[in-house]
Amino acid sequence: MLGSLESKLTAEVAEALAGRASVLVQTAPLPLAVPPAGERSVRVSLEEMLPEANVESERAAFSGSSPGVRTRRVVQLGFLARVRAIACPQEQSAAEINHSRQLLLEDLSLVVHVLDAPTYRDGHDLAGSAPDPGYEVTEFHLSKGGIRPELVDNCLVGELEYEGKAHIWPPGVSEEGGEIRLVDAVVEALPIDIRASQPVVKTGGQTVVRVRVLSRLRRLDVNVTAGMRVAVTVLGDLPPSERGTIASGTTAPDAAFRLHAVGDAPLDITYTAPPGPVTRARTEYVAVHLATPDGSAGVFLGSAPIRIVPGG
């Protein structure tokens, strides 16, 4: 996974500097070695990762062909990679220091030039060599770089910082995927128009949330919206037992949701605020999802904020 990516990136940096004399390329967590006088060293490391927001369908990857299609759950991450370099002059003279600085600038320039090729920017040349490396880089680019203007312990120090995105998964972990025999497509512009008739409600009070454009939803293979339902729930910072509830609709397999049938008219959803006590105003959200055939929550359509204030 990320260890394989770090090793691959180190190998690519080493390849970029293969024609340069007196350069040692290492991988973290080894400390950046202080090279002997007149030589240089480079260390490559992955230092940060940040989950990327994405829709649920992007969390699955597919391989093979039917029959025999396999699926696996993937995580999309943003990552930061750092190439840190150090050069020690042959001696502490202006001429040797300037010479080492030029060599260090050339080293970093070569790495920047090689890793800026389109096949690196789109992740193709950062692919692992193993049949299932556990990662796939989708974006990669230089974010910043530079060389310290002063000596550090009598040596020159520079670095390059790269940002990228990748899908990762445990190698060898996948599941059999079934064949998709029917696609029930729905065409609708998002976000859906979802509004509360009274956006501010006292504790224990009610308001109606109207979903105005569901009457225009159309399936591509049948007329109007026959049999279509939405699953509605209440979201907030407090535990579910302390939030408001949906008073309209019918029960769903998940007790946190209520099912509502979709017809040609706008859909009205009744929200009941919690009875209290509420010492200060807070906001909850009535969240609307398309319901799956079994009544579970499917695609998120939108939400309406409800401000709850103390009763009086």
# chains A, B, ... in the order shown; residues from 1 in each chain; ligands from 1

call {"tool": "residues_around", "arguments": {"residues": "region 193-206 of chain A", "least_positions_apart": "5", "cutoff": "8 Å", "atoms": "only C-alpha atoms", "output": "PyMOL selection string"}}
result
chain A and resi 211-213+270-278+302-312

call {"tool": "residues_around", "arguments": {"residues": "Leu77 (chain A)", "least_positions_apart": "6", "cutoff": "7 Å", "atoms": "only C-alpha atoms", "output": "NGL selection string"}}
result
:A and (49-52 or 165-167)

call {"tool": "write_last_selection", "arguments": {"atoms": "all heavy atoms", "output": "short mmCIF file (atom, residue, chain, number, x, y, z; two decimals), in the first residue's frame"}}
result
data_model
loop_
_atom_site.label_atom_id
_atom_site.label_comp_id
_atom_site.auth_asym_id
_atom_site.auth_seq_id
_atom_site.Cartn_x
_atom_site.Cartn_y
_atom_site.Cartn_z
N MET A 49 -1.09 12.25 4.98
CA MET A 49 -2.19 11.70 4.19
C MET A 49 -3.49 12.32 4.68
O MET A 49 -3.64 12.62 5.86
CB MET A 49 -2.25 10.17 4.29
CG MET A 49 -2.51 9.64 5.67
SD MET A 49 -2.43 7.82 5.73
CE MET A 49 -0.65 7.59 5.71
N LEU A 50 -4.41 12.55 3.74
CA LEU A 50 -5.67 13.18 4.07
C LEU A 50 -6.77 12.53 3.26
O LEU A 50 -6.72 12.52 2.04
CB LEU A 50 -5.62 14.68 3.74
CG LEU A 50 -6.88 15.48 4.05
CD1 LEU A 50 -7.12 15.52 5.55
CD2 LEU A 50 -6.78 16.89 3.49
N PRO A 51 -7.80 11.95 3.93
CA PRO A 51 -8.90 11.35 3.17
C PRO A 51 -9.57 12.37 2.28
O PRO A 51 -9.79 13.51 2.67
CB PRO A 51 -9.85 10.85 4.27
CG PRO A 51 -8.99 10.70 5.48
CD PRO A 51 -7.95 11.78 5.38
N GLU A 52 -9.87 11.94 1.06
CA GLU A 52 -10.54 12.80 0.10
C GLU A 52 -12.03 12.54 0.15
O GLU A 52 -12.47 11.40 0.21
CB GLU A 52 -10.03 12.50 -1.32
CG GLU A 52 -8.58 12.89 -1.54
CD GLU A 52 -8.41 14.40 -1.70
OE1 GLU A 52 -9.32 15.04 -2.26
OE2 GLU A 52 -7.38 14.92 -1.27
N LYS A 165 -2.78 12.21 -5.22
CA LYS A 165 -3.97 11.48 -4.79
C LYS A 165 -3.81 10.02 -5.20
O LYS A 165 -3.21 9.73 -6.24
CB LYS A 165 -5.24 12.05 -5.41
CG LYS A 165 -5.57 13.46 -4.95
CD LYS A 165 -6.85 13.95 -5.59
CE LYS A 165 -7.18 15.38 -5.14
NZ LYS A 165 -8.44 15.87 -5.77
N ALA A 166 -4.33 9.14 -4.37
CA ALA A 166 -4.20 7.71 -4.67
C ALA A 166 -5.38 6.95 -4.10
O ALA A 166 -5.99 7.36 -3.12
CB ALA A 166 -2.90 7.16 -4.10
N HIS A 167 -5.71 5.81 -4.71
CA HIS A 167 -6.61 4.83 -4.14
C HIS A 167 -5.75 3.76 -3.48
O HIS A 167 -4.77 3.31 -4.07
CB HIS A 167 -7.48 4.18 -5.22
CG HIS A 167 -8.45 5.12 -5.85
ND1 HIS A 167 -8.70 5.15 -7.20
CD2 HIS A 167 -9.25 6.08 -5.31
CE1 HIS A 167 -9.61 6.07 -7.47
NE2 HIS A 167 -9.95 6.66 -6.34
#

call {"tool": "residues_around", "arguments": {"residues": "Leu301 (chain A)", "least_positions_apart": "2", "cutoff": "7 Å", "atoms": "only C-alpha atoms", "output": "PDB file with C-alpha atoms, in the first residue's frame"}}
result
ATOM      1  CA  PRO A 191     -29.635  19.960  -5.434  1.00  0.00           C
ATOM      2  CA  ILE A 192     -33.297  19.145  -4.861  1.00  0.00           C
ATOM      3  CA  VAL A 288     -33.714  13.126   2.216  1.00  0.00           C
ATOM      4  CA  HIS A 289     -32.389  10.064   0.343  1.00  0.00           C
ATOM      5  CA  LEU A 290     -33.750   8.052  -2.529  1.00  0.00           C
ATOM      6  CA  VAL A 299     -28.515   8.341  -2.983  1.00  0.00           C
TER       7      VAL A 299
END

call {"tool": "residues_around", "arguments": {"residues": "region 114-127 of chain A", "least_positions_apart": "3", "cutoff": "12 Å", "atoms": "only C-alpha atoms", "output": "number ranges by chain"}}
result
A: 1-2, 4-18, 83, 107-111, 130-143, 160-168

call {"tool": "residues_around", "arguments": {"residues": "region 227-233 of chain A", "least_positions_apart": "6", "cutoff": "6 Å", "atoms": "only C-alpha atoms", "output": "PyMOL selection string"}}
result
chain A and resi 256-262+286-291+297

call {"tool": "write_last_selection", "arguments": {"atoms": "N, CA and C atoms", "output": "PDB file, in the first residue's frame"}}
result
ATOM      1  N   ALA A 256     -33.912   4.666  12.103  1.00  0.00           N
ATOM      2  CA  ALA A 256     -33.595   6.093  12.054  1.00  0.00           C
ATOM      3  C   ALA A 256     -34.273   6.790  10.882  1.00  0.00           C
ATOM      4  N   PHE A 257     -34.826   6.037   9.937  1.00  0.00           N
ATOM      5  CA  PHE A 257     -35.426   6.595   8.729  1.00  0.00           C
ATOM      6  C   PHE A 257     -36.935   6.350   8.691  1.00  0.00           C
ATOM      7  N   ARG A 258     -37.643   7.202   7.907  1.00  0.00           N
ATOM      8  CA  ARG A 258     -39.054   7.010   7.596  1.00  0.00           C
ATOM      9  C   ARG A 258     -39.204   7.053   6.080  1.00  0.00           C
ATOM     10  N   LEU A 259     -40.037   6.156   5.552  1.00  0.00           N
ATOM     11  CA  LEU A 259     -40.231   6.060   4.113  1.00  0.00           C
ATOM     12  C   LEU A 259     -41.439   6.888   3.677  1.00  0.00           C
ATOM     13  N   HIS A 260     -41.285   7.586   2.543  1.00  0.00           N
ATOM     14  CA  HIS A 260     -42.369   8.392   1.982  1.00  0.00           C
ATOM     15  C   HIS A 260     -42.512   8.060   0.503  1.00  0.00           C
ATOM     16  N   ALA A 261     -43.742   7.808   0.071  1.00  0.00           N
ATOM     17  CA  ALA A 261     -43.996   7.537  -1.342  1.00  0.00           C
ATOM     18  C   ALA A 261     -43.931   8.833  -2.138  1.00  0.00           C
ATOM     19  N   VAL A 262     -43.417   8.738  -3.357  1.00  0.00           N
ATOM     20  CA  VAL A 262     -43.292   9.891  -4.241  1.00  0.00           C
ATOM     21  C   VAL A 262     -44.379   9.829  -5.291  1.00  0.00           C
ATOM     22  N   VAL A 286     -33.149  17.899   8.274  1.00  0.00           N
ATOM     23  CA  VAL A 286     -33.993  16.845   7.730  1.00  0.00           C
ATOM     24  C   VAL A 286     -33.344  16.409   6.418  1.00  0.00           C
ATOM     25  N   ALA A 287     -32.801  15.196   6.395  1.00  0.00           N
ATOM     26  CA  ALA A 287     -32.035  14.692   5.252  1.00  0.00           C
ATOM     27  C   ALA A 287     -32.876  13.725   4.438  1.00  0.00           C
ATOM     28  N   VAL A 288     -32.867  13.912   3.122  1.00  0.00           N
ATOM     29  CA  VAL A 288     -33.714  13.126   2.216  1.00  0.00           C
ATOM     30  C   VAL A 288     -32.834  12.302   1.279  1.00  0.00           C
ATOM     31  N   HIS A 289     -33.092  10.991   1.233  1.00  0.00           N
ATOM     32  CA  HIS A 289     -32.389  10.064   0.343  1.00  0.00           C
ATOM     33  C   HIS A 289     -33.395   9.376  -0.566  1.00  0.00           C
ATOM     34  N   LEU A 290     -32.964   9.007  -1.766  1.00  0.00           N
ATOM     35  CA  LEU A 290     -33.750   8.052  -2.529  1.00  0.00           C
ATOM     36  C   LEU A 290     -33.726   6.718  -1.794  1.00  0.00           C
ATOM     37  N   ALA A 291     -34.845   6.022  -1.733  1.00  0.00           N
ATOM     38  CA  ALA A 291     -34.894   4.721  -1.071  1.00  0.00           C
ATOM     39  C   ALA A 291     -34.591   3.616  -2.081  1.00  0.00           C
ATOM     40  N   ALA A 297     -31.688   3.479   2.817  1.00  0.00           N
ATOM     41  CA  ALA A 297     -31.340   4.802   2.292  1.00  0.00           C
ATOM     42  C   ALA A 297     -30.355   4.660   1.144  1.00  0.00           C
TER      43      ALA A 297
END

call {"tool": "residues_around", "arguments": {"residues": "Pro31 (chain A)", "least_positions_apart": "3", "cutoff": "12 Å", "atoms": "only C-alpha atoms", "output": "PDB file with C-alpha atoms, in the first residue's frame"}}
result
ATOM      1  CA  VAL A  25      19.384   8.039  -2.342  1.00  0.00           C
ATOM      2  CA  GLN A  26      17.568   6.711   0.750  1.00  0.00           C
ATOM      3  CA  THR A  27      14.025   6.045   1.954  1.00  0.00           C
ATOM      4  CA  ALA A  28      12.547   7.215   5.273  1.00  0.00           C
ATOM      5  CA  VAL A  34      25.277  13.757   6.293  1.00  0.00           C
ATOM      6  CA  PRO A  35      27.526  12.756   3.393  1.00  0.00           C
ATOM      7  CA  SER A  41      22.556  12.476  -0.152  1.00  0.00           C
ATOM      8  CA  VAL A  42      18.807  12.432  -0.863  1.00  0.00           C
ATOM      9  CA  ARG A  43      15.942  11.035   1.235  1.00  0.00           C
ATOM     10  CA  VAL A  44      12.413  10.323  -0.030  1.00  0.00           C
ATOM     11  CA  SER A  45       9.444  10.092   2.346  1.00  0.00           C
ATOM     12  CA  ARG A  84      15.042  16.230   0.945  1.00  0.00           C
ATOM     13  CA  ALA A  85      18.633  16.651  -0.199  1.00  0.00           C
ATOM     14  CA  ILE A  86      21.903  17.649   1.451  1.00  0.00           C
TER      15      ILE A  86
END

call {"tool": "atom_distance", "arguments": {"atom1": "CA of Ile97 (chain A)", "atom2": "CA of Leu156 (chain A)"}}
result
8.2 Å

call {"tool": "atom_distance", "arguments": {"atom1": "CA of Ala81 (chain A)", "atom2": "CA of Glu47 (chain A)"}}
result
6.0 Å

call {"tool": "closest_residue", "arguments": {"among": "A:Leu46, A:Ile246, A:Ala252, A:Val112", "to": "Ser296 (chain A)", "atoms": "only C-alpha atoms"}}
result
A:Ala252

call {"tool": "closest_residue", "arguments": {"among": "A:Gly19, A:Pro266, A:Pro29, A:Gly295", "to": "Val209 (chain A)", "atoms": "only C-alpha atoms"}}
result
A:Pro266

call {"tool": "select_by_dssp", "arguments": {"residues": "region 237-268 of chain A", "states": "strand (DSSP E)", "output": "number ranges by chain"}}
result
A: 245-246, 250-251, 258-261, 267-268

call {"tool": "write_last_selection", "arguments": {"atoms": "all heavy atoms", "output": "mmCIF file, in the first residue's frame"}}
result
data_model
loop_
_atom_site.group_PDB
_atom_site.id
_atom_site.type_symbol
_atom_site.label_atom_id
_atom_site.label_comp_id
_atom_site.auth_asym_id
_atom_site.auth_seq_id
_atom_site.Cartn_x
_atom_site.Cartn_y
_atom_site.Cartn_z
ATOM 1 N N THR A 245 -37.740 14.226 15.405
ATOM 2 C CA THR A 245 -38.151 13.006 14.717
ATOM 3 C C THR A 245 -38.977 13.355 13.485
ATOM 4 O O THR A 245 -39.483 14.474 13.346
ATOM 5 C CB THR A 245 -38.990 12.111 15.650
ATOM 6 O OG1 THR A 245 -40.120 12.851 16.107
ATOM 7 C CG2 THR A 245 -38.165 11.627 16.826
ATOM 8 N N ILE A 246 -39.118 12.382 12.589
ATOM 9 C CA ILE A 246 -39.994 12.505 11.430
ATOM 10 C C ILE A 246 -41.318 11.835 11.785
ATOM 11 O O ILE A 246 -41.367 10.630 12.051
ATOM 12 C CB ILE A 246 -39.367 11.852 10.191
ATOM 13 C CG1 ILE A 246 -38.006 12.480 9.883
ATOM 14 C CG2 ILE A 246 -40.300 11.982 8.992
ATOM 15 C CD1 ILE A 246 -38.054 13.962 9.609
ATOM 16 N N THR A 250 -43.816 6.010 6.747
ATOM 17 C CA THR A 250 -43.938 4.669 7.313
ATOM 18 C C THR A 250 -42.573 4.177 7.766
ATOM 19 O O THR A 250 -41.538 4.753 7.427
ATOM 20 C CB THR A 250 -44.507 3.688 6.267
ATOM 21 O OG1 THR A 250 -43.631 3.670 5.129
ATOM 22 C CG2 THR A 250 -45.894 4.131 5.821
ATOM 23 N N THR A 251 -42.575 3.101 8.533
ATOM 24 C CA THR A 251 -41.334 2.592 9.084
ATOM 25 C C THR A 251 -40.421 2.042 7.982
ATOM 26 O O THR A 251 -40.884 1.545 6.961
ATOM 27 C CB THR A 251 -41.597 1.470 10.108
ATOM 28 O OG1 THR A 251 -42.335 0.437 9.465
ATOM 29 C CG2 THR A 251 -42.376 2.012 11.289
ATOM 30 N N ARG A 258 -37.643 7.202 7.907
ATOM 31 C CA ARG A 258 -39.054 7.010 7.596
ATOM 32 C C ARG A 258 -39.204 7.053 6.080
ATOM 33 O O ARG A 258 -38.592 7.889 5.392
ATOM 34 C CB ARG A 258 -39.914 8.100 8.226
ATOM 35 C CG ARG A 258 -39.833 8.153 9.749
ATOM 36 C CD ARG A 258 -40.650 7.072 10.399
ATOM 37 N NE ARG A 258 -42.093 7.305 10.251
ATOM 38 C CZ ARG A 258 -43.017 6.474 10.717
ATOM 39 N NH1 ARG A 258 -42.657 5.352 11.340
ATOM 40 N NH2 ARG A 258 -44.300 6.739 10.548
ATOM 41 N N LEU A 259 -40.037 6.156 5.552
ATOM 42 C CA LEU A 259 -40.231 6.060 4.113
ATOM 43 C C LEU A 259 -41.439 6.888 3.677
ATOM 44 O O LEU A 259 -42.467 6.890 4.359
ATOM 45 C CB LEU A 259 -40.430 4.604 3.701
ATOM 46 C CG LEU A 259 -39.231 3.668 3.923
ATOM 47 C CD1 LEU A 259 -39.616 2.232 3.589
ATOM 48 C CD2 LEU A 259 -38.033 4.110 3.081
ATOM 49 N N HIS A 260 -41.285 7.586 2.543
ATOM 50 C CA HIS A 260 -42.369 8.392 1.982
ATOM 51 C C HIS A 260 -42.512 8.060 0.503
ATOM 52 O O HIS A 260 -41.524 8.036 -0.231
ATOM 53 C CB HIS A 260 -42.082 9.883 2.137
ATOM 54 C CG HIS A 260 -42.054 10.357 3.555
ATOM 55 N ND1 HIS A 260 -41.040 10.033 4.435
ATOM 56 C CD2 HIS A 260 -42.938 11.123 4.259
ATOM 57 C CE1 HIS A 260 -41.290 10.594 5.610
ATOM 58 N NE2 HIS A 260 -42.432 11.259 5.531
ATOM 59 N N ALA A 261 -43.742 7.808 0.071
ATOM 60 C CA ALA A 261 -43.996 7.537 -1.342
ATOM 61 C C ALA A 261 -43.931 8.833 -2.138
ATOM 62 O O ALA A 261 -44.353 9.896 -1.673
ATOM 63 C CB ALA A 261 -45.358 6.871 -1.515
ATOM 64 N N LEU A 267 -43.840 16.672 -2.188
ATOM 65 C CA LEU A 267 -43.900 15.798 -1.023
ATOM 66 C C LEU A 267 -43.755 16.623 0.252
ATOM 67 O O LEU A 267 -42.826 17.424 0.376
ATOM 68 C CB LEU A 267 -42.779 14.760 -1.100
ATOM 69 C CG LEU A 267 -42.580 13.867 0.119
ATOM 70 C CD1 LEU A 267 -43.805 12.999 0.356
ATOM 71 C CD2 LEU A 267 -41.329 12.996 -0.060
ATOM 72 N N ASP A 268 -44.656 16.436 1.218
ATOM 73 C CA ASP A 268 -44.596 17.109 2.516
ATOM 74 C C ASP A 268 -44.131 16.117 3.578
ATOM 75 O O ASP A 268 -44.688 15.026 3.714
ATOM 76 C CB ASP A 268 -45.957 17.678 2.903
ATOM 77 C CG ASP A 268 -46.320 18.908 2.089
ATOM 78 O OD1 ASP A 268 -45.398 19.501 1.482
ATOM 79 O OD2 ASP A 268 -47.503 19.273 2.055
#

call {"tool": "residues_around", "arguments": {"residues": "Arg101 (chain A)", "least_positions_apart": "4", "cutoff": "12 Å", "atoms": "only C-alpha atoms", "output": "ChimeraX atom specification"}}
result
/A:38-40,85-90,94-97,105-108,146-151,154-158

call {"tool": "atom_distance", "arguments": {"atom1": "CA of Lys144 (chain A)", "atom2": "CA of Gly128 (chain A)"}}
result
25.1 Å

call {"tool": "decode", "arguments": {"residues": "region 118-134 of chain A", "atoms": "N, CA, C and O atoms", "output": "tab-separated table (two decimals), in the first residue's frame"}}
result
chain	number	residue	atom	x	y	z
A	118	PRO	N	4.13	13.76	-18.10
A	118	PRO	CA	2.70	13.45	-18.00
A	118	PRO	C	2.42	12.09	-17.38
A	118	PRO	O	1.42	11.91	-16.67
A	119	THR	N	3.30	11.12	-17.64
A	119	THR	CA	3.07	9.77	-17.11
A	119	THR	C	3.31	9.68	-15.60
A	119	THR	O	2.90	8.71	-14.97
A	120	TYR	N	4.00	10.68	-15.04
A	120	TYR	CA	4.08	10.76	-13.57
A	120	TYR	C	2.91	11.57	-13.02
A	120	TYR	O	2.33	11.22	-11.99
A	121	ARG	N	2.56	12.65	-13.71
A	121	ARG	CA	1.47	13.50	-13.21
A	121	ARG	C	0.15	12.74	-13.14
A	121	ARG	O	-0.67	13.00	-12.26
A	122	ASP	N	-0.08	11.80	-14.06
A	122	ASP	CA	-1.32	11.02	-13.99
A	122	ASP	C	-1.16	9.71	-13.22
A	122	ASP	O	-2.08	8.91	-13.13
A	123	GLY	N	0.03	9.49	-12.64
A	123	GLY	CA	0.25	8.33	-11.79
A	123	GLY	C	0.68	7.07	-12.50
A	123	GLY	O	1.04	6.08	-11.85
A	124	HIS	N	0.72	7.06	-13.85
A	124	HIS	CA	1.02	5.84	-14.59
A	124	HIS	C	2.39	5.28	-14.22
A	124	HIS	O	2.54	4.07	-13.98
A	125	ASP	N	3.42	6.13	-14.17
A	125	ASP	CA	4.77	5.65	-13.91
A	125	ASP	C	5.07	5.49	-12.43
A	125	ASP	O	6.22	5.18	-12.06
A	126	LEU	N	4.07	5.68	-11.57
A	126	LEU	CA	4.23	5.39	-10.14
A	126	LEU	C	3.49	4.12	-9.76
A	126	LEU	O	3.37	3.80	-8.58
A	127	ALA	N	3.01	3.38	-10.76
A	127	ALA	CA	2.32	2.12	-10.50
A	127	ALA	C	3.30	1.10	-9.92
A	127	ALA	O	4.48	1.07	-10.29
A	128	GLY	N	2.83	0.26	-9.03
A	128	GLY	CA	3.67	-0.77	-8.43
A	128	GLY	C	3.96	-1.89	-9.42
A	128	GLY	O	3.21	-2.13	-10.37
A	129	SER	N	5.05	-2.58	-9.18
A	129	SER	CA	5.43	-3.69	-10.06
A	129	SER	C	4.72	-4.99	-9.71
A	129	SER	O	4.63	-5.89	-10.54
A	130	ALA	N	4.23	-5.11	-8.47
A	130	ALA	CA	3.53	-6.34	-8.06
A	130	ALA	C	2.18	-6.43	-8.77
A	130	ALA	O	1.59	-5.41	-9.14
A	131	PRO	N	1.66	-7.66	-8.98
A	131	PRO	CA	0.35	-7.80	-9.63
A	131	PRO	C	-0.76	-7.05	-8.89
A	131	PRO	O	-1.68	-6.53	-9.52
A	132	ASP	N	-0.69	-7.01	-7.57
A	132	ASP	CA	-1.68	-6.28	-6.77
A	132	ASP	C	-0.92	-5.44	-5.74
A	132	ASP	O	-0.72	-5.86	-4.60
A	133	PRO	N	-0.46	-4.23	-6.11
A	133	PRO	CA	0.39	-3.44	-5.21
A	133	PRO	C	-0.35	-2.80	-4.05
A	133	PRO	O	0.27	-2.33	-3.10
A	134	GLY	N	-1.69	-2.75	-4.11
A	134	GLY	CA	-2.45	-2.15	-3.02
A	134	GLY	C	-2.65	-0.65	-3.15
A	134	GLY	O	-3.16	-0.01	-2.24
